[in-house]
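*Asks:* The following file, model_0.txt, comprises compact mmCIF, C-alpha atoms:
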# COMPACT_ATOMS: atom_id res chain seq x y z
CA MET F 9 -66.04 -98.68 0.01
CA ILE F 10 -64.79 -95.14 0.46
CA GLY F 11 -67.07 -92.86 2.47
CA SER F 12 -68.16 -89.37 1.42
CA ALA F 13 -66.10 -87.66 4.13
CA HIS F 14 -63.00 -89.64 3.18
CA PHE F 15 -63.61 -88.83 -0.49
CA ARG F 16 -63.74 -85.11 0.25
CA GLN F 17 -60.53 -85.41 2.24
CA LEU F 18 -58.76 -87.21 -0.61
CA VAL F 19 -59.94 -84.71 -3.20
CA SER F 20 -58.61 -81.88 -1.04
CA THR F 21 -55.11 -83.39 -1.31
CA LEU F 22 -55.06 -83.50 -5.11
CA SER F 23 -52.06 -81.79 -6.59
CA PHE F 24 -51.48 -80.84 -10.21
CA SER F 25 -47.81 -81.62 -10.79
CA HIS F 26 -47.96 -80.41 -14.37
CA ARG F 27 -50.83 -78.67 -16.11
CA ARG F 28 -50.95 -76.96 -19.46
CA LYS F 29 -54.72 -77.12 -19.73
CA LEU F 30 -57.76 -79.21 -18.98
CA SER F 31 -59.58 -78.29 -22.12
CA THR F 32 -63.31 -77.73 -21.95
CA SER F 33 -63.77 -77.01 -25.64
CA PRO F 34 -66.84 -78.57 -27.33
CA SER F 35 -66.84 -82.37 -27.19
CA GLN F 36 -63.48 -82.51 -25.40
CA THR F 37 -62.50 -86.03 -24.36
CA ASN F 38 -59.82 -86.70 -21.77
CA ILE F 39 -58.39 -90.22 -21.43
CA VAL F 40 -57.29 -90.77 -17.84
CA PHE F 41 -54.33 -93.10 -17.38
CA GLY F 42 -52.76 -94.33 -14.14
CA ALA F 43 -49.09 -94.58 -13.25
CA ASN F 44 -49.99 -97.86 -11.63
CA THR F 45 -52.92 -99.88 -10.35
CA ASP F 46 -54.44 -98.49 -7.14
CA VAL F 47 -53.13 -94.92 -7.44
CA GLY F 48 -56.62 -93.43 -7.18
CA LYS F 49 -57.80 -93.01 -10.78
CA SER F 50 -61.46 -93.36 -9.87
CA VAL F 51 -61.10 -90.88 -6.99
CA ILE F 52 -59.40 -88.38 -9.30
CA VAL F 53 -61.97 -88.84 -12.05
CA ALA F 54 -64.84 -88.51 -9.58
CA GLY F 55 -63.34 -85.23 -8.39
CA LEU F 56 -62.92 -83.95 -11.94
CA VAL F 57 -66.42 -84.98 -12.94
CA ARG F 58 -67.95 -83.46 -9.82
CA ALA F 59 -66.14 -80.18 -10.50
CA SER F 60 -67.33 -80.05 -14.11
CA GLY F 61 -71.01 -79.23 -13.67
CA ASP F 62 -73.77 -81.24 -15.30
CA ASP F 63 -72.47 -81.20 -18.88
CA VAL F 64 -70.01 -84.05 -18.38
CA ALA F 65 -69.88 -87.76 -19.15
CA TYR F 66 -67.89 -90.71 -17.79
CA VAL F 67 -66.87 -93.85 -19.66
CA LYS F 68 -65.08 -96.99 -18.44
CA PRO F 69 -64.18 -99.09 -21.52
CA LEU F 70 -62.80 -102.12 -19.64
CA GLN F 71 -63.92 -103.20 -16.16
CA CYS F 72 -62.74 -106.30 -14.28
CA GLY F 73 -64.52 -107.04 -11.01
CA GLY F 74 -66.54 -104.42 -9.13
CA SER F 75 -67.78 -101.24 -10.79
CA ASP F 76 -65.91 -97.96 -11.07
CA GLU F 77 -69.01 -96.58 -12.75
CA ASP F 78 -70.97 -97.13 -9.53
CA PHE F 79 -68.27 -95.22 -7.63
CA ILE F 80 -68.58 -92.29 -10.05
CA ARG F 81 -72.35 -92.28 -9.79
CA LYS F 82 -72.15 -92.19 -6.00
CA HIS F 83 -69.51 -89.48 -5.66
CA ALA F 84 -70.25 -87.44 -8.79
CA PRO F 85 -74.05 -87.64 -9.19
CA ASN F 86 -73.95 -84.56 -11.42
CA ALA F 87 -72.63 -86.61 -14.34
CA SER F 88 -75.21 -86.57 -17.12
CA SER F 89 -74.01 -89.89 -18.51
CA THR F 90 -71.99 -92.85 -17.20
CA ALA F 91 -71.21 -96.08 -19.00
CA THR F 92 -69.17 -99.29 -18.82
CA LEU F 93 -68.56 -100.79 -22.25
CA PHE F 94 -67.07 -104.23 -21.49
CA ASN F 95 -66.89 -105.98 -18.15
CA TRP F 96 -65.75 -109.24 -16.62
CA GLU F 97 -66.48 -110.59 -13.15
CA THR F 98 -62.90 -111.75 -12.54
CA PRO F 99 -60.89 -109.16 -10.55
CA ALA F 100 -57.78 -109.36 -12.71
CA SER F 101 -56.12 -107.68 -15.65
CA PRO F 102 -58.45 -107.50 -18.68
CA HIS F 103 -56.25 -109.79 -20.75
CA SER F 104 -56.39 -112.46 -18.03
CA ALA F 105 -60.08 -111.99 -17.17
CA ALA F 106 -61.03 -112.35 -20.83
CA ARG F 107 -59.22 -115.70 -21.05
CA VAL F 108 -60.53 -117.01 -17.73
CA GLU F 109 -64.14 -116.25 -18.65
CA ASN F 110 -63.71 -117.04 -22.34
CA LYS F 111 -65.04 -113.58 -23.23
CA PRO F 112 -62.58 -112.20 -25.78
CA VAL F 113 -62.68 -108.53 -26.72
CA SER F 114 -60.36 -107.32 -29.47
CA ASP F 115 -58.70 -103.92 -29.81
CA ALA F 116 -60.95 -103.18 -32.78
CA GLN F 117 -64.06 -103.96 -30.72
CA VAL F 118 -62.97 -101.69 -27.87
CA LEU F 119 -62.16 -98.77 -30.14
CA ALA F 120 -65.31 -99.17 -32.21
CA ALA F 121 -67.51 -99.31 -29.12
CA LEU F 122 -65.78 -96.33 -27.54
CA LYS F 123 -65.98 -94.18 -30.68
CA ARG F 124 -69.62 -95.14 -31.15
CA HIS F 125 -70.44 -94.25 -27.54
CA LEU F 126 -68.56 -90.95 -27.65
CA GLY F 127 -70.39 -90.08 -30.84
CA SER F 128 -73.74 -90.63 -29.12
CA LEU F 129 -72.99 -88.17 -26.29
CA ASN F 130 -74.19 -84.58 -26.23
CA THR F 131 -71.89 -83.45 -23.42
CA SER F 132 -69.09 -80.93 -23.89
CA LEU F 133 -66.67 -82.82 -21.64
CA THR F 134 -66.00 -86.55 -21.24
CA PHE F 135 -63.60 -88.49 -19.04
CA VAL F 136 -62.53 -91.96 -20.16
CA GLU F 137 -61.02 -94.02 -17.34
CA THR F 138 -58.53 -96.69 -18.42
CA ALA F 139 -57.78 -99.94 -16.58
CA GLY F 140 -54.74 -100.37 -14.34
CA GLY F 141 -51.51 -98.61 -15.26
CA VAL F 142 -50.27 -97.09 -18.51
CA LEU F 143 -48.50 -100.31 -19.48
CA SER F 144 -51.05 -102.70 -17.99
CA PRO F 145 -52.57 -105.15 -20.49
CA SER F 146 -55.81 -104.42 -22.27
CA SER F 147 -58.34 -107.12 -23.14
CA SER F 148 -57.19 -110.16 -25.08
CA SER F 149 -58.68 -111.87 -28.10
CA PRO F 150 -57.72 -114.39 -30.79
CA GLU F 151 -58.35 -111.52 -33.23
CA ASN F 152 -55.41 -109.62 -31.72
CA ARG F 153 -52.66 -111.30 -33.73
CA GLU F 154 -50.72 -108.45 -35.34
CA PRO F 155 -46.92 -108.23 -34.87
CA HIS F 156 -47.36 -105.55 -32.18
CA HIS F 157 -49.53 -107.80 -30.02
CA SER F 158 -48.19 -109.74 -27.05
CA LEU F 159 -49.35 -113.28 -27.70
CA ASP F 160 -50.05 -116.31 -25.55
CA LYS F 161 -48.80 -119.18 -27.74
CA GLU F 162 -51.17 -121.75 -26.27
CA SER F 163 -54.40 -119.80 -26.63
CA SER F 164 -53.29 -117.41 -29.41
CA TRP F 165 -55.09 -114.60 -27.60
CA GLY F 166 -53.08 -111.40 -28.01
CA TRP F 167 -53.17 -108.03 -26.27
CA VAL F 168 -51.54 -104.59 -26.17
CA THR F 169 -50.92 -102.15 -23.33
CA GLN F 170 -53.45 -99.52 -22.30
CA ALA F 171 -51.24 -96.83 -23.82
CA ASP F 172 -51.08 -98.64 -27.15
CA LEU F 173 -54.79 -99.49 -27.22
CA TYR F 174 -55.92 -95.87 -27.32
CA ARG F 175 -53.20 -94.51 -29.64
CA PRO F 176 -55.56 -94.36 -32.64
CA MET F 177 -57.64 -91.79 -30.70
CA GLN F 178 -54.79 -89.36 -29.98
CA GLU F 179 -55.86 -86.71 -32.50
CA SER F 180 -59.33 -86.37 -30.99
CA THR F 181 -58.46 -86.69 -27.29
CA SER F 182 -56.15 -85.42 -24.57
CA ALA F 183 -54.48 -87.45 -21.83
CA ILE F 184 -54.37 -86.98 -18.07
CA LEU F 185 -51.98 -89.04 -15.95
CA VAL F 186 -52.78 -89.94 -12.36
CA GLY F 187 -49.38 -90.20 -10.70
CA ASP F 188 -48.30 -92.29 -7.73
CA GLY F 189 -48.14 -90.38 -4.46
CA ARG F 190 -46.65 -93.27 -2.48
CA LEU F 191 -43.06 -93.74 -1.44
CA GLY F 192 -41.14 -94.79 -4.54
CA GLY F 193 -43.88 -93.49 -6.80
CA ILE F 194 -41.69 -90.94 -8.60
CA SER F 195 -39.59 -93.31 -10.69
CA PHE F 196 -39.66 -96.93 -11.75
CA LEU F 197 -39.34 -99.60 -9.08
CA THR F 198 -39.09 -103.32 -9.73
CA SER F 199 -41.90 -103.91 -7.23
CA ARG F 200 -44.33 -101.84 -9.31
CA GLN F 201 -45.23 -102.09 -12.99
CA SER F 202 -44.81 -98.41 -13.65
CA ALA F 203 -44.57 -95.24 -11.60
CA THR F 204 -45.11 -91.59 -12.42
CA LEU F 205 -42.12 -90.60 -14.56
CA THR F 206 -41.97 -93.97 -16.29
CA ALA F 207 -45.67 -93.70 -17.12
CA LEU F 208 -45.27 -90.11 -18.30
CA GLU F 209 -42.39 -91.09 -20.59
CA SER F 210 -44.43 -94.02 -21.92
CA LEU F 211 -47.26 -91.67 -22.88
CA THR F 212 -45.17 -88.89 -24.39
CA THR F 213 -42.99 -91.23 -26.44
CA ARG F 214 -46.19 -92.66 -27.92
CA GLY F 215 -47.30 -89.19 -28.94
CA TYR F 216 -49.95 -88.44 -26.34
CA ASP F 217 -50.78 -84.83 -25.49
CA VAL F 218 -50.54 -85.09 -21.69
CA ASN F 219 -52.46 -82.13 -20.32
CA GLY F 220 -51.80 -82.80 -16.66
CA VAL F 221 -50.29 -85.05 -14.03
CA ILE F 222 -52.43 -85.30 -10.90
CA ILE F 223 -51.24 -86.91 -7.68
CA ILE F 224 -52.96 -87.74 -4.42
CA GLU F 225 -50.11 -86.77 -2.14
CA GLN F 226 -49.28 -89.11 0.73
CA GLY F 227 -46.61 -87.08 2.50
CA TYR F 228 -43.67 -87.62 0.11
CA ASP F 229 -44.03 -84.47 -2.05
CA ASN F 230 -43.79 -86.49 -5.27
CA GLN F 231 -45.53 -83.72 -7.17
CA GLN F 232 -42.58 -81.38 -6.64
CA ALA F 233 -40.17 -83.84 -8.24
CA VAL F 234 -42.50 -84.27 -11.20
CA LYS F 235 -42.79 -80.49 -11.59
CA GLU F 236 -39.01 -80.18 -11.64
CA TYR F 237 -38.70 -83.02 -14.18
CA VAL F 238 -41.22 -81.65 -16.69
CA SER F 239 -39.88 -78.08 -16.43
CA ARG F 240 -36.46 -79.04 -17.81
Rewrite the structure from the file as structure tokens, please.

*Replies:*
Amino acid sequence: MIGSAHFRQLVSTLSFSHRRKLSTSPSQTNIVFGANTDVGKSVIVAGLVRASGDDVAYVKPLQCGGSDEDFIRKHAPNASSTATLFNWETPASPHSAARVENKPVSDAQVLAALKRHLGSLNTSLTFVETAGGVLSPSSSSPENREPHHSLDKESSWGWVTQADLYRPMQESTSAILVGDGRLGGISFLTSRQSATLTALESLTTRGYDVNGVIIIEQGYDNQQAVKEYVSR
């Protein structure tokens, strides 16, 4: 568990590689994606929530093992609302955890629950933290059987990526990408599912309005390369 002093140190190293706006218009919802698993999404979101006063909400649609909501509550106690919509005990990708525990959750269920929850909030700003990386699997279900679903032929439980799951909400939300500050985190590497530029391209080609790329720098100045890339 990260300590308060360490949290403050990490937040002080945050770097906006690209920022057009972090809108705070009424009922603004920002979906926070990660370039990869373990790039610090929860740390970033906690910092953003803590800097946003008391008129802010946090939502974790899919949680596998542990509780990111508990982390937010501890490090951003000013949040007026926090919620986890679906959770599994297995510390794995949602599509795998759902199969292991026989707890299917379809795309339609996730989106309906999220829209319903967002509609119940009275806050002016909400951060929705996704699971894993941009192209990490979402939850699986036998109801996910459209042509665009990746399908396990034995179980017939299909899934889509995180980026594809939330596409129907693009018109009412903005996206924030948490980049990878580690060595090799600028571009795609075979040892990682997706890194910063690959993740950014995945979001923009799907039509997301990416308001910012935020990186916890780890001594490799990845944010400068991202700045140069997006300023072309």

*Asks:* For segment 161-165 of chain F, list every protein, DNA or RNA residue within 8 Å, evaluated using all atoms listed in the file, and leave out those in the same chain fewer than 5 positions away; present the list as a PyMOL selection string.

*Replies:* chain F and resi 107+148-153

*Asks:* Measure the distance from atom CA of Glu209 of chain F to atom CA of Ser182 of chain F in Å and round it to one decimal.

*Replies:* 15.4 Å

*Asks:* For atom CA of Ala106 of chain F and atom CA of Asp76 of chain F, determine how far apart the two atoms are, in Å to one decimal place.

*Replies:*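 According to the coordinates, atom CA of Ala106 of chain F and atom CA of Asp76 of chain F are separated by 18.1 Å.
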
*Asks:* Between F:Ser75, F:Thr181, F:Asn110, F:Ser60, which is the closest to Asn38 of chain F once you count all atoms listed in the file?

*Replies:*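 Among the listed residues, the smallest separation from Asn38 of chain F belongs to F:Thr181.
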
*Asks:* Can you pull out every residue within 12 Å of Ser146 of chain F, counting all atoms listed in the file, but drop anything in the same chain fewer than 4 positions away, and send it as an NGL selection string?

*Replies:* :F and (69-72 or 94-95 or 100-107 or 112-119 or 138-142 or 152 or 157-158 or 165-174)

*Asks:* Record the distance separating atom CA of Val186 of chain F and atom CA of Thr90 of chain F, expressed in Å with one decimal.

*Replies:* 20.0 Å

*Asks:* Report as a list in words all protein, DNA and RNA residues lying within 10 Å of Ser88 of chain F, evaluated on only C-alpha atoms, omitting residues in the same chain fewer than 6 positions from it.

*Replies:*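 So, after excluding close chain neighbours, the residues are Val57, Gly61, Asp62, Asp63, Val64, Ala65, Tyr66, Arg81, Leu129, Asn130 and Thr131 of chain F.
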
*Asks:* Those same residues - C-alpha atoms - I'd like them written as a PDB file, in the frame of the given file.

*Replies:*
ATOM      1  CA  VAL F  57     -66.420 -84.980 -12.940  1.00  0.00           C
ATOM      2  CA  GLY F  61     -71.010 -79.230 -13.670  1.00  0.00           C
ATOM      3  CA  ASP F  62     -73.770 -81.240 -15.300  1.00  0.00           C
ATOM      4  CA  ASP F  63     -72.470 -81.200 -18.880  1.00  0.00           C
ATOM      5  CA  VAL F  64     -70.010 -84.050 -18.380  1.00  0.00           C
ATOM      6  CA  ALA F  65     -69.880 -87.760 -19.150  1.00  0.00           C
ATOM      7  CA  TYR F  66     -67.890 -90.710 -17.790  1.00  0.00           C
ATOM      8  CA  ARG F  81     -72.350 -92.280  -9.790  1.00  0.00           C
ATOM      9  CA  LEU F 129     -72.990 -88.170 -26.290  1.00  0.00           C
ATOM     10  CA  ASN F 130     -74.190 -84.580 -26.230  1.00  0.00           C
ATOM     11  CA  THR F 131     -71.890 -83.450 -23.420  1.00  0.00           C
TER      12      THR F 131
END

*Asks:* Select, from F:Ala233, F:Val108, F:Leu211, F:Ile224, the residue with the minimum atom-to-atom distance to Ile39 of chain F, counting only C-alpha atoms.

*Replies:*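 That would be F:Leu211, the residue with the smallest distance to Ile39 of chain F.
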
*Asks:* From the set F:Ser128, F:Thr134, F:Asn230, F:Thr204, which residue has the shortest atom-to-atom contact distance to Ser180 of chain F, counting all atoms listed in the file?

*Replies:* F:Thr134

*Asks:* Can I get all heavy atoms for segment 91-105 of chain F, as a CSV table (one decimal), in the first residue's frame?

*Replies:*
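Saved the output as out22.csv:
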chain,number,residue,atom,x,y,z
F,91,ALA,N,-17.6,5.0,-6.1
F,91,ALA,CA,-18.4,3.8,-6.4
F,91,ALA,C,-17.7,2.8,-7.2
F,91,ALA,O,-16.9,3.2,-8.1
F,91,ALA,CB,-19.7,4.2,-7.1
F,92,THR,N,-17.9,1.6,-7.0
F,92,THR,CA,-17.4,0.5,-7.8
F,92,THR,C,-18.7,-0.3,-8.3
F,92,THR,O,-19.5,-0.7,-7.5
F,92,THR,CB,-16.5,-0.5,-7.0
F,92,THR,OG1,-15.4,0.2,-6.5
F,92,THR,CG2,-16.0,-1.6,-7.9
F,93,LEU,N,-18.8,-0.4,-9.6
F,93,LEU,CA,-20.1,-0.9,-10.2
F,93,LEU,C,-20.1,-2.5,-10.2
F,93,LEU,O,-21.1,-3.1,-9.9
F,93,LEU,CB,-20.3,-0.3,-11.5
F,93,LEU,CG,-20.4,1.2,-11.6
F,93,LEU,CD1,-20.8,1.7,-13.0
F,93,LEU,CD2,-21.4,1.7,-10.5
F,94,PHE,N,-19.0,-3.1,-10.7
F,94,PHE,CA,-18.9,-4.5,-10.8
F,94,PHE,C,-17.5,-5.0,-10.3
F,94,PHE,O,-16.5,-4.3,-10.6
F,94,PHE,CB,-19.1,-5.0,-12.2
F,94,PHE,CG,-20.4,-4.6,-12.9
F,94,PHE,CD1,-20.5,-3.5,-13.6
F,94,PHE,CD2,-21.5,-5.4,-12.6
F,94,PHE,CE1,-21.8,-3.2,-14.2
F,94,PHE,CE2,-22.8,-5.1,-13.2
F,94,PHE,CZ,-22.9,-4.0,-14.0
F,95,ASN,N,-17.5,-6.0,-9.5
F,95,ASN,CA,-16.2,-6.4,-9.0
F,95,ASN,C,-16.1,-8.0,-8.9
F,95,ASN,O,-17.1,-8.6,-8.8
F,95,ASN,CB,-15.8,-5.8,-7.7
F,95,ASN,CG,-16.8,-6.2,-6.6
F,95,ASN,OD1,-16.7,-7.3,-6.0
F,95,ASN,ND2,-17.8,-5.4,-6.2
F,96,TRP,N,-14.9,-8.4,-9.1
F,96,TRP,CA,-14.5,-9.8,-8.9
F,96,TRP,C,-13.4,-10.0,-8.0
F,96,TRP,O,-12.5,-9.1,-7.9
F,96,TRP,CB,-14.1,-10.4,-10.3
F,96,TRP,CG,-15.2,-10.4,-11.3
F,96,TRP,CD1,-16.1,-11.4,-11.6
F,96,TRP,CD2,-15.6,-9.3,-12.2
F,96,TRP,NE1,-17.0,-11.0,-12.7
F,96,TRP,CE2,-16.6,-9.7,-13.0
F,96,TRP,CE3,-15.0,-8.0,-12.4
F,96,TRP,CZ2,-17.2,-8.9,-14.0
F,96,TRP,CZ3,-15.6,-7.2,-13.4
F,96,TRP,CH2,-16.7,-7.6,-14.1
F,97,GLU,N,-13.3,-11.1,-7.3
F,97,GLU,CA,-12.2,-11.3,-6.3
F,97,GLU,C,-10.9,-11.7,-7.0
F,97,GLU,O,-9.8,-11.4,-6.5
F,97,GLU,CB,-12.5,-12.3,-5.3
F,97,GLU,CG,-13.7,-12.0,-4.4
F,97,GLU,CD,-14.0,-13.0,-3.4
F,97,GLU,OE1,-13.3,-14.1,-3.4
F,97,GLU,OE2,-15.0,-12.9,-2.6
F,98,THR,N,-11.0,-12.3,-8.2
F,98,THR,CA,-9.8,-12.8,-8.9
F,98,THR,C,-9.0,-11.6,-9.5
F,98,THR,O,-9.5,-10.8,-10.2
F,98,THR,CB,-10.2,-13.7,-10.1
F,98,THR,OG1,-11.0,-14.7,-9.6
F,98,THR,CG2,-9.0,-14.3,-10.8
F,99,PRO,N,-7.7,-11.5,-9.1
F,99,PRO,CA,-6.8,-10.4,-9.6
F,99,PRO,C,-6.3,-10.8,-11.0
F,99,PRO,O,-5.2,-11.2,-11.3
F,99,PRO,CB,-5.6,-10.4,-8.6
F,99,PRO,CG,-5.6,-11.8,-8.1
F,99,PRO,CD,-7.0,-12.3,-8.1
F,100,ALA,N,-7.2,-10.5,-12.0
F,100,ALA,CA,-6.9,-10.8,-13.4
F,100,ALA,C,-7.7,-9.8,-14.3
F,100,ALA,O,-8.4,-8.9,-13.8
F,100,ALA,CB,-7.3,-12.3,-13.7
F,101,SER,N,-7.5,-10.0,-15.6
F,101,SER,CA,-8.3,-9.2,-16.5
F,101,SER,C,-9.8,-9.4,-16.3
F,101,SER,O,-10.2,-10.6,-16.0
F,101,SER,CB,-7.9,-9.5,-17.9
F,101,SER,OG,-8.8,-8.9,-18.8
F,102,PRO,N,-10.7,-8.4,-16.5
F,102,PRO,CA,-12.1,-8.7,-16.2
F,102,PRO,C,-12.7,-9.8,-17.0
F,102,PRO,O,-13.5,-10.5,-16.6
F,102,PRO,CB,-12.7,-7.3,-16.7
F,102,PRO,CG,-11.6,-6.3,-16.4
F,102,PRO,CD,-10.4,-7.0,-16.7
F,103,HIS,N,-12.2,-10.0,-18.3
F,103,HIS,CA,-12.8,-11.0,-19.1
F,103,HIS,C,-12.5,-12.4,-18.5
F,103,HIS,O,-13.3,-13.3,-18.5
F,103,HIS,CB,-12.3,-10.9,-20.5
F,103,HIS,CG,-11.0,-11.6,-20.8
F,103,HIS,ND1,-9.8,-11.1,-20.2
F,103,HIS,CD2,-10.6,-12.6,-21.6
F,103,HIS,CE1,-8.8,-11.8,-20.7
F,103,HIS,NE2,-9.3,-12.7,-21.5
F,104,SER,N,-11.3,-12.5,-18.0
F,104,SER,CA,-10.8,-13.8,-17.3
F,104,SER,C,-11.5,-14.0,-16.0
F,104,SER,O,-12.0,-15.1,-15.7
F,104,SER,CB,-9.3,-13.8,-17.2
F,104,SER,OG,-8.9,-15.0,-16.6
F,105,ALA,N,-11.5,-12.9,-15.2
F,105,ALA,CA,-12.1,-13.0,-13.8
F,105,ALA,C,-13.6,-13.4,-13.9
F,105,ALA,O,-14.1,-14.2,-13.1
F,105,ALA,CB,-11.9,-11.7,-13.1
